Amino acid sequence: MTSTGPAATAGISPRPEVQRRTLTVLVTSQILSGAGLAAGVTVGALLAQDMLGSTDLAGLPSALITAGSALAAVAVGRISQARGRRPGLATGYLTGAVGSAGVVAAALADNPVLLFLALFVYGAGTATNLQARYAGADLATPGHQARAVSTVLVATTLGGVIGPNLAAPTGAFAAHLGVPRLAGPFVLSGTAYALAALVLALWLRPDPLLLARTLAEAKEADAVTDAAVTDPTTTNPGNTADGRGSVVLGALIMVLTQLVMVAIMTMTPVHLHDHGHGTAASGLVIAVHVGAMYLPSPLTGWLVDRYGRRKIAAASGITLLTAGILAAAAPGDSVALLACALALLGLGWNLGLVSGTAIITDTVPLATRAKTQGLVDVSIALAGATGGMASGIMVAATSYPTLALTGGILSLALLPAIAATAYHRRTA
């Protein structure tokens with residue numbers, strides 16, 4: 001008789017094939033959502049400034065998008081936890097599309113209140129784009145989780161490069177339709193987010209998180225049966241304290257790297273402007289920075305899987321320190337040195353995000369994984385908002401070099417935290 005029990009179910013599961021399909025679908029959706037994310041963010045502040053006729057609240061769109069992404073991270077995490085990645089991610093992108101449509105409507109009505117409300121809703125796309133990386137690791141085989149995460153992350157780069165370059169054509173298209181030019185990129189954002197949601201809804205099947213749970217339950221049931229045959233009293237509850245410590249470490253790595261990265265990145269264009277450089281120089285430096293944030297992801301994933309999560313997380317702290325020192329020491333008129341500093345800043349962020357994500361994925365059980373990941377991403381969003389707001393205050397009170405050096409030194413807090421959890425694991 002053919003076995004139909006849990007062991008047989010786990011044994012016949014075409015997991016590698018499903019994982020390849022999952023990554024293909026996620027990469028496609030990330031390219032689309034990356035274009036939507038970058039296009040909208042590019043002109044959000046300009047649209048607010050044009051509508052209000054003042055720069056006083058031009059920074060508010062970024063804050064509202066961040067706040068919206070924080071709330072959406074919780075919602076996407078909870079939906080994914082209850083129903084799977086497919087409905088969670090698709091709902092997040094559809095919400096971002098609704099927000100984009102709201103921005104276009106606000107531009108047509110010349111209504112600032114509607115604009116700010118729509119930008120808050122639009123932030124759901126940002127949260128969903130970041131949360132998609134977790135779905136890449138749900139079905140990854142042991143030792144390949146970080147590479148799966150990095151594959152999803154690097155796909156955002158293509159959309160992120162395409163999106164801003166479509167700002168002018170979409171503006172012209174919007175003007176042809178009678179919509180204000182600055183709202184044009186949000187037409188692209190809404191379309192891109194809606195298409196990303198459609199791709200996930202149609203083709204992210206089977207759902208990676210739900211399938212991973214089924215396989216894990218089958219494996220656990222088989223293991224319990226084998227243990228009962230050998231010794232019915234045998235149990236393995238695991239080290240709960242160590243798990244909590246690893247979750248805190250993974251979250252700390254991502255929160256701290258986000259805080260330092262956003263703080264230094266935000267004020268670099270201002271620093272360049274204060275030293276007589278135009279928008280072309282600022283654009284070049286930020287382009288180098290964004291490239292360094294995402295393009296190294298495949299290599300970072302391999303390094304994390306090959307040498308361990310904590311070692312690469314420690315390398316993140318050291319890289320961020322180097323970036324802070326170089327940014328602080330670079331003359332204000334040296335675009336090349338500041339570009340190098342921002343490249344190191346992006347690389348340090350990438351090392352921290354991939355290693356921290358892998359730690360969370362390794363540690364949190366499937367039963368609560370999506371919910372916990374959503375809460376971690378809320379912390380990341382709030383860290384970014386804090387870094388952005390605090391950076392301006394600090395530069396006004398001191399200087400850009402002081403900000404850069406302080407950020408670099410702050411990143412070293414990762415090292416004792418990593419050492420402490422490593423010591424706990426050895427002695428547990």
# chains A, B, ... in the order shown; residues from 1 in each chain; ligands from 1
>>> closest_atom_pairs(of="stretch 62-139 of chain A", to="stretch 350-362 of chain A", cutoff="10 Å", atoms="only C-alpha atoms", output="JSON lines")
{"residue": "A:Arg133", "atom": "CA", "partner": "A:Thr357", "partner_atom": "CA", "distance": 8.4}
{"residue": "A:Tyr134", "atom": "CA", "partner": "A:Thr361", "partner_atom": "CA", "distance": 7.4}
{"residue": "A:Ala135", "atom": "CA", "partner": "A:Thr361", "partner_atom": "CA", "distance": 9.9}
{"residue": "A:Ala137", "atom": "CA", "partner": "A:Thr361", "partner_atom": "CA", "distance": 7.3}
{"residue": "A:Asp138", "atom": "CA", "partner": "A:Thr361", "partner_atom": "CA", "distance": 8.0}
>>> residues_around(residues="A:Val76", least_positions_apart="2", cutoff="12 Å", atoms="only C-alpha atoms", output="PDB file with N, CA and C atoms, in the first residue's frame")
ATOM      1  N   GLY A  68       2.724  55.747   6.773  1.00  0.00           N
ATOM      2  CA  GLY A  68       1.821  54.805   6.121  1.00  0.00           C
ATOM      3  C   GLY A  68       2.452  53.439   5.943  1.00  0.00           C
ATOM      4  N   SER A  69       3.744  53.418   5.642  1.00  0.00           N
ATOM      5  CA  SER A  69       4.433  52.138   5.470  1.00  0.00           C
ATOM      6  C   SER A  69       4.531  51.387   6.791  1.00  0.00           C
ATOM      7  N   ALA A  70       4.694  52.117   7.893  1.00  0.00           N
ATOM      8  CA  ALA A  70       4.770  51.468   9.204  1.00  0.00           C
ATOM      9  C   ALA A  70       3.456  50.778   9.540  1.00  0.00           C
ATOM     10  N   LEU A  71       2.334  51.469   9.321  1.00  0.00           N
ATOM     11  CA  LEU A  71       1.034  50.873   9.596  1.00  0.00           C
ATOM     12  C   LEU A  71       0.764  49.700   8.661  1.00  0.00           C
ATOM     13  N   ALA A  72       1.131  49.868   7.395  1.00  0.00           N
ATOM     14  CA  ALA A  72       0.887  48.806   6.420  1.00  0.00           C
ATOM     15  C   ALA A  72       1.729  47.572   6.716  1.00  0.00           C
ATOM     16  N   ALA A  73       2.929  47.755   7.266  1.00  0.00           N
ATOM     17  CA  ALA A  73       3.780  46.610   7.595  1.00  0.00           C
ATOM     18  C   ALA A  73       3.075  45.694   8.585  1.00  0.00           C
ATOM     19  N   VAL A  74       2.396  46.291   9.559  1.00  0.00           N
ATOM     20  CA  VAL A  74       1.645  45.486  10.530  1.00  0.00           C
ATOM     21  C   VAL A  74       0.499  44.763   9.826  1.00  0.00           C
ATOM     22  N   ARG A  78       0.005  40.730   9.359  1.00  0.00           N
ATOM     23  CA  ARG A  78      -1.128  40.008   9.957  1.00  0.00           C
ATOM     24  C   ARG A  78      -1.937  39.244   8.906  1.00  0.00           C
ATOM     25  N   ILE A  79      -2.153  39.861   7.753  1.00  0.00           N
ATOM     26  CA  ILE A  79      -2.881  39.162   6.682  1.00  0.00           C
ATOM     27  C   ILE A  79      -2.078  37.950   6.205  1.00  0.00           C
ATOM     28  N   SER A  80      -0.779  38.145   6.038  1.00  0.00           N
ATOM     29  CA  SER A  80       0.072  37.031   5.612  1.00  0.00           C
ATOM     30  C   SER A  80       0.058  35.918   6.648  1.00  0.00           C
ATOM     31  N   GLN A  81       0.087  36.292   7.925  1.00  0.00           N
ATOM     32  CA  GLN A  81       0.063  35.308   8.993  1.00  0.00           C
ATOM     33  C   GLN A  81      -1.215  34.471   8.944  1.00  0.00           C
ATOM     34  N   ALA A  82      -2.344  35.140   8.713  1.00  0.00           N
ATOM     35  CA  ALA A  82      -3.631  34.453   8.751  1.00  0.00           C
ATOM     36  C   ALA A  82      -3.956  33.715   7.456  1.00  0.00           C
ATOM     37  N   ARG A  83      -3.575  34.304   6.301  1.00  0.00           N
ATOM     38  CA  ARG A  83      -4.056  33.764   5.022  1.00  0.00           C
ATOM     39  C   ARG A  83      -2.955  33.443   4.018  1.00  0.00           C
ATOM     40  N   GLY A  84      -1.712  33.842   4.299  1.00  0.00           N
ATOM     41  CA  GLY A  84      -0.623  33.531   3.391  1.00  0.00           C
ATOM     42  C   GLY A  84      -0.001  34.768   2.769  1.00  0.00           C
ATOM     43  N   ARG A  85       1.147  34.567   2.138  1.00  0.00           N
ATOM     44  CA  ARG A  85       1.873  35.689   1.506  1.00  0.00           C
ATOM     45  C   ARG A  85       1.093  36.288   0.350  1.00  0.00           C
ATOM     46  N   ARG A  86       0.453  35.457  -0.447  1.00  0.00           N
ATOM     47  CA  ARG A  86      -0.211  35.962  -1.662  1.00  0.00           C
ATOM     48  C   ARG A  86      -1.258  37.019  -1.340  1.00  0.00           C
ATOM     49  N   PRO A  87      -2.232  36.748  -0.470  1.00  0.00           N
ATOM     50  CA  PRO A  87      -3.203  37.808  -0.155  1.00  0.00           C
ATOM     51  C   PRO A  87      -2.589  38.971   0.604  1.00  0.00           C
ATOM     52  N   GLY A  88      -1.581  38.700   1.441  1.00  0.00           N
ATOM     53  CA  GLY A  88      -0.959  39.781   2.200  1.00  0.00           C
ATOM     54  C   GLY A  88      -0.246  40.770   1.299  1.00  0.00           C
ATOM     55  N   LEU A  89       0.611  40.260   0.420  1.00  0.00           N
ATOM     56  CA  LEU A  89       1.377  41.140  -0.475  1.00  0.00           C
ATOM     57  C   LEU A  89       0.477  41.788  -1.526  1.00  0.00           C
ATOM     58  N   ALA A  90      -0.465  41.024  -2.075  1.00  0.00           N
ATOM     59  CA  ALA A  90      -1.362  41.595  -3.089  1.00  0.00           C
ATOM     60  C   ALA A  90      -2.208  42.719  -2.499  1.00  0.00           C
ATOM     61  N   THR A  91      -2.695  42.532  -1.278  1.00  0.00           N
ATOM     62  CA  THR A  91      -3.480  43.592  -0.626  1.00  0.00           C
ATOM     63  C   THR A  91      -2.636  44.839  -0.396  1.00  0.00           C
ATOM     64  N   GLY A  92      -1.394  44.643   0.026  1.00  0.00           N
ATOM     65  CA  GLY A  92      -0.501  45.785   0.249  1.00  0.00           C
ATOM     66  C   GLY A  92      -0.271  46.589  -1.011  1.00  0.00           C
ATOM     67  N   TYR A  93      -0.017  45.898  -2.129  1.00  0.00           N
ATOM     68  CA  TYR A  93       0.224  46.614  -3.383  1.00  0.00           C
ATOM     69  C   TYR A  93      -1.050  47.287  -3.910  1.00  0.00           C
ATOM     70  N   LEU A  94      -2.187  46.628  -3.741  1.00  0.00           N
ATOM     71  CA  LEU A  94      -3.443  47.258  -4.168  1.00  0.00           C
ATOM     72  C   LEU A  94      -3.722  48.528  -3.360  1.00  0.00           C
ATOM     73  N   THR A  95      -3.393  48.476  -2.075  1.00  0.00           N
ATOM     74  CA  THR A  95      -3.555  49.676  -1.243  1.00  0.00           C
ATOM     75  C   THR A  95      -2.652  50.798  -1.738  1.00  0.00           C
ATOM     76  N   GLY A  96      -1.410  50.447  -2.102  1.00  0.00           N
ATOM     77  CA  GLY A  96      -0.508  51.443  -2.670  1.00  0.00           C
ATOM     78  C   GLY A  96      -1.044  52.028  -3.963  1.00  0.00           C
ATOM     79  N   ALA A 124       1.759  52.197   1.773  1.00  0.00           N
ATOM     80  CA  ALA A 124       1.592  50.744   1.846  1.00  0.00           C
ATOM     81  C   ALA A 124       2.447  50.037   0.806  1.00  0.00           C
ATOM     82  N   GLY A 125       2.643  50.678  -0.345  1.00  0.00           N
ATOM     83  CA  GLY A 125       3.480  50.074  -1.381  1.00  0.00           C
ATOM     84  C   GLY A 125       4.920  49.915  -0.922  1.00  0.00           C
ATOM     85  N   THR A 126       5.415  50.900  -0.187  1.00  0.00           N
ATOM     86  CA  THR A 126       6.785  50.834   0.334  1.00  0.00           C
ATOM     87  C   THR A 126       6.947  49.662   1.285  1.00  0.00           C
ATOM     88  N   ALA A 127       6.008  49.509   2.210  1.00  0.00           N
ATOM     89  CA  ALA A 127       6.075  48.421   3.184  1.00  0.00           C
ATOM     90  C   ALA A 127       6.002  47.067   2.495  1.00  0.00           C
ATOM     91  N   THR A 128       5.124  46.944   1.510  1.00  0.00           N
ATOM     92  CA  THR A 128       4.939  45.670   0.825  1.00  0.00           C
ATOM     93  C   THR A 128       6.167  45.302   0.019  1.00  0.00           C
ATOM     94  N   ASN A 129       6.760  46.292  -0.635  1.00  0.00           N
ATOM     95  CA  ASN A 129       7.985  46.046  -1.397  1.00  0.00           C
ATOM     96  C   ASN A 129       9.080  45.475  -0.509  1.00  0.00           C
ATOM     97  N   LEU A 130       9.186  45.979   0.719  1.00  0.00           N
ATOM     98  CA  LEU A 130      10.215  45.496   1.642  1.00  0.00           C
ATOM     99  C   LEU A 130       9.848  44.122   2.201  1.00  0.00           C
ATOM    100  N   GLN A 131       8.562  43.898   2.497  1.00  0.00           N
ATOM    101  CA  GLN A 131       8.154  42.621   3.090  1.00  0.00           C
ATOM    102  C   GLN A 131       8.257  41.455   2.119  1.00  0.00           C
ATOM    103  N   ALA A 132       8.244  41.730   0.829  1.00  0.00           N
ATOM    104  CA  ALA A 132       8.311  40.652  -0.151  1.00  0.00           C
ATOM    105  C   ALA A 132       9.586  39.824  -0.004  1.00  0.00           C
ATOM    106  N   TYR A 134      10.832  38.560   2.588  1.00  0.00           N
ATOM    107  CA  TYR A 134      10.610  37.429   3.489  1.00  0.00           C
ATOM    108  C   TYR A 134       9.999  36.244   2.749  1.00  0.00           C
ATOM    109  N   ALA A 135       9.120  36.524   1.780  1.00  0.00           N
ATOM    110  CA  ALA A 135       8.467  35.444   1.042  1.00  0.00           C
ATOM    111  C   ALA A 135       9.478  34.617   0.259  1.00  0.00           C
ATOM    112  N   ALA A 370       5.185  35.506   9.922  1.00  0.00           N
ATOM    113  CA  ALA A 370       4.767  36.692   9.156  1.00  0.00           C
ATOM    114  C   ALA A 370       4.402  37.853  10.075  1.00  0.00           C
ATOM    115  N   LYS A 371       3.706  37.554  11.173  1.00  0.00           N
ATOM    116  CA  LYS A 371       3.324  38.608  12.105  1.00  0.00           C
ATOM    117  C   LYS A 371       4.559  39.264  12.713  1.00  0.00           C
ATOM    118  N   THR A 372       5.530  38.442  13.128  1.00  0.00           N
ATOM    119  CA  THR A 372       6.755  38.986  13.720  1.00  0.00           C
ATOM    120  C   THR A 372       7.532  39.810  12.697  1.00  0.00           C
ATOM    121  N   GLN A 373       7.618  39.316  11.471  1.00  0.00           N
ATOM    122  CA  GLN A 373       8.333  40.050  10.424  1.00  0.00           C
ATOM    123  C   GLN A 373       7.684  41.399  10.166  1.00  0.00           C
ATOM    124  N   GLY A 374       6.347  41.460  10.207  1.00  0.00           N
ATOM    125  CA  GLY A 374       5.664  42.731  10.032  1.00  0.00           C
ATOM    126  C   GLY A 374       6.008  43.717  11.132  1.00  0.00           C
ATOM    127  N   LEU A 375       6.062  43.240  12.370  1.00  0.00           N
ATOM    128  CA  LEU A 375       6.406  44.114  13.498  1.00  0.00           C
ATOM    129  C   LEU A 375       7.851  44.599  13.399  1.00  0.00           C
ATOM    130  N   ASP A 377       9.475  45.117  10.638  1.00  0.00           N
ATOM    131  CA  ASP A 377       9.528  46.131   9.582  1.00  0.00           C
ATOM    132  C   ASP A 377       8.915  47.454  10.028  1.00  0.00           C
ATOM    133  N   VAL A 378       7.979  47.408  10.970  1.00  0.00           N
ATOM    134  CA  VAL A 378       7.491  48.652  11.567  1.00  0.00           C
ATOM    135  C   VAL A 378       8.638  49.376  12.257  1.00  0.00           C
TER     136      VAL A 378
END
>>> closest_residue(among="A:Ala35, A:Leu26, A:Ala419, A:Ala196", to="A:Arg310", atoms="only C-alpha atoms")
A:Ala419
>>> atom_distance(atom1="atom CA of A:Leu252", atom2="atom CA of A:Leu347")
17.4 Å
>>> closest_atom_pairs(of="stretch 234-297 of chain A", to="stretch 316-340 of chain A", cutoff="9 Å", atoms="only C-alpha atoms", output="Markdown table")
| residue | atom | partner | partner_atom | distance |
| --- | --- | --- | --- | --- |
| A:Ile253 | CA | A:Gly317 | CA | 8.6 |
| A:Thr257 | CA | A:Gly317 | CA | 7.7 |
| A:Val260 | CA | A:Leu320 | CA | 7.8 |
| A:Met261 | CA | A:Leu320 | CA | 8.0 |
| A:Ile264 | CA | A:Gly324 | CA | 7.9 |
| A:Thr268 | CA | A:Leu338 | CA | 8.1 |
| A:His271 | CA | A:Gly332 | CA | 7.1 |
| A:Leu272 | CA | A:Gly332 | CA | 6.5 |
| A:Asp274 | CA | A:Gly332 | CA | 8.3 |
| A:His275 | CA | A:Gly332 | CA | 5.8 |
| A:Gly276 | CA | A:Asp333 | CA | 7.7 |
| A:His277 | CA | A:Asp333 | CA | 7.7 |
| A:Ala281 | CA | A:Val335 | CA | 6.9 |
| A:Ser282 | CA | A:Val335 | CA | 8.4 |
| A:Leu284 | CA | A:Ala339 | CA | 7.8 |
| A:Val285 | CA | A:Ala339 | CA | 4.8 |
| A:Ile286 | CA | A:Ala339 | CA | 7.7 |
| A:Ala287 | CA | A:Ala339 | CA | 9.0 |
| A:Val288 | CA | A:Ala339 | CA | 6.5 |
| A:His289 | CA | A:Ala339 | CA | 7.2 |
>>> closest_residue(among="A:Leu52, A:Leu211, A:Val364, A:Met265", to="A:Val113", atoms="only C-alpha atoms")
A:Leu52
>>> closest_residue(among="A:Pro365, A:Pro298, A:Pro180, A:Gly346", to="A:Arg213", atoms="only C-alpha atoms")
A:Pro365
>>> atom_distance(atom1="atom CA of A:Arg306", atom2="atom CA of A:Pro142")
11.4 Å
>>> closest_residue(among="A:Val104, A:Leu209, A:Ala390, A:Ala155", to="A:Gly178", atoms="only C-alpha atoms")
A:Val104
>>> atom_distance(atom1="atom CA of A:Arg21", atom2="atom CA of A:Ser33")
18.4 Å
>>> closest_residue(among="A:Ala118, A:Leu108, A:Leu158, A:Leu259", to="A:Ser379", atoms="only C-alpha atoms")
A:Leu259
>>> closest_residue(among="A:Val18, A:Leu119, A:Ala385, A:Ala146", to="A:Ala101", atoms="only C-alpha atoms")
A:Leu119
>>> select_by_dssp(residues="stretch 148-357 of chain A", states="alpha helix (DSSP H)", output="ChimeraX atom specification")
/A:148-165,167-176,184-203,208-230,240-274,279-294,297-307,309-329,335-357
>>> decode(residues="stretch 361-372 of chain A", atoms="all heavy atoms", output="compact mmCIF listing (two decimals), in the first residue's frame")
# COMPACT_ATOMS: atom_id res chain seq x y z
N THR A 361 14.41 35.09 9.93
CA THR A 361 13.82 33.95 9.24
C THR A 361 14.23 32.63 9.89
O THR A 361 13.43 31.71 10.02
CB THR A 361 14.24 33.96 7.75
OG1 THR A 361 13.80 35.18 7.15
CG2 THR A 361 13.62 32.79 7.00
N ASP A 362 15.49 32.54 10.29
CA ASP A 362 15.98 31.32 10.93
C ASP A 362 15.31 31.08 12.28
O ASP A 362 15.07 29.94 12.68
CB ASP A 362 17.50 31.42 11.18
CG ASP A 362 18.30 31.36 9.90
OD1 ASP A 362 17.74 30.96 8.87
OD2 ASP A 362 19.49 31.73 9.94
N THR A 363 15.03 32.15 13.00
CA THR A 363 14.65 32.05 14.41
C THR A 363 13.17 31.91 14.65
O THR A 363 12.73 31.13 15.49
CB THR A 363 15.17 33.29 15.17
OG1 THR A 363 16.58 33.42 14.96
CG2 THR A 363 14.90 33.17 16.66
N VAL A 364 12.36 32.69 13.92
CA VAL A 364 10.93 32.75 14.22
C VAL A 364 10.22 31.54 13.62
O VAL A 364 10.39 31.25 12.43
CB VAL A 364 10.31 34.05 13.65
CG1 VAL A 364 8.83 34.13 14.00
CG2 VAL A 364 11.05 35.26 14.19
N PRO A 365 9.44 30.81 14.40
CA PRO A 365 8.72 29.65 13.87
C PRO A 365 7.68 30.07 12.84
O PRO A 365 7.18 31.20 12.85
CB PRO A 365 8.06 29.04 15.11
CG PRO A 365 7.98 30.15 16.10
CD PRO A 365 9.18 31.01 15.84
N LEU A 366 7.36 29.15 11.94
CA LEU A 366 6.42 29.45 10.87
C LEU A 366 5.06 29.88 11.39
O LEU A 366 4.36 30.68 10.76
CB LEU A 366 6.26 28.22 9.97
CG LEU A 366 7.41 27.96 8.99
CD1 LEU A 366 7.35 26.54 8.47
CD2 LEU A 366 7.38 28.96 7.84
N ALA A 367 4.69 29.38 12.56
CA ALA A 367 3.37 29.69 13.10
C ALA A 367 3.18 31.18 13.38
O ALA A 367 2.06 31.69 13.34
CB ALA A 367 3.13 28.89 14.38
N THR A 368 4.27 31.88 13.67
CA THR A 368 4.17 33.32 13.99
C THR A 368 5.10 34.17 13.12
O THR A 368 5.27 35.35 13.39
CB THR A 368 4.53 33.56 15.47
OG1 THR A 368 5.86 33.06 15.73
CG2 THR A 368 3.55 32.84 16.39
N ARG A 369 5.67 33.58 12.09
CA ARG A 369 6.74 34.26 11.34
C ARG A 369 6.27 35.55 10.69
O ARG A 369 6.89 36.61 10.85
CB ARG A 369 7.31 33.32 10.28
CG ARG A 369 8.43 33.96 9.45
CD ARG A 369 9.02 32.97 8.48
NE ARG A 369 9.73 31.90 9.18
CZ ARG A 369 10.28 30.86 8.55
NH1 ARG A 369 10.17 30.74 7.23
NH2 ARG A 369 10.92 29.94 9.24
N ALA A 370 5.19 35.51 9.92
CA ALA A 370 4.77 36.69 9.16
C ALA A 370 4.40 37.85 10.08
O ALA A 370 4.74 39.01 9.80
CB ALA A 370 3.59 36.33 8.25
N LYS A 371 3.71 37.55 11.17
CA LYS A 371 3.32 38.61 12.11
C LYS A 371 4.56 39.26 12.71
O LYS A 371 4.64 40.50 12.81
CB LYS A 371 2.44 38.01 13.20
CG LYS A 371 1.98 39.01 14.24
CD LYS A 371 1.10 38.33 15.28
CE LYS A 371 0.68 39.30 16.38
NZ LYS A 371 -0.15 38.63 17.40
N THR A 372 5.53 38.44 13.13
CA THR A 372 6.75 38.99 13.72
C THR A 372 7.53 39.81 12.70
O THR A 372 8.05 40.89 13.01
CB THR A 372 7.64 37.85 14.25
OG1 THR A 372 6.91 37.10 15.22
CG2 THR A 372 8.91 38.39 14.90
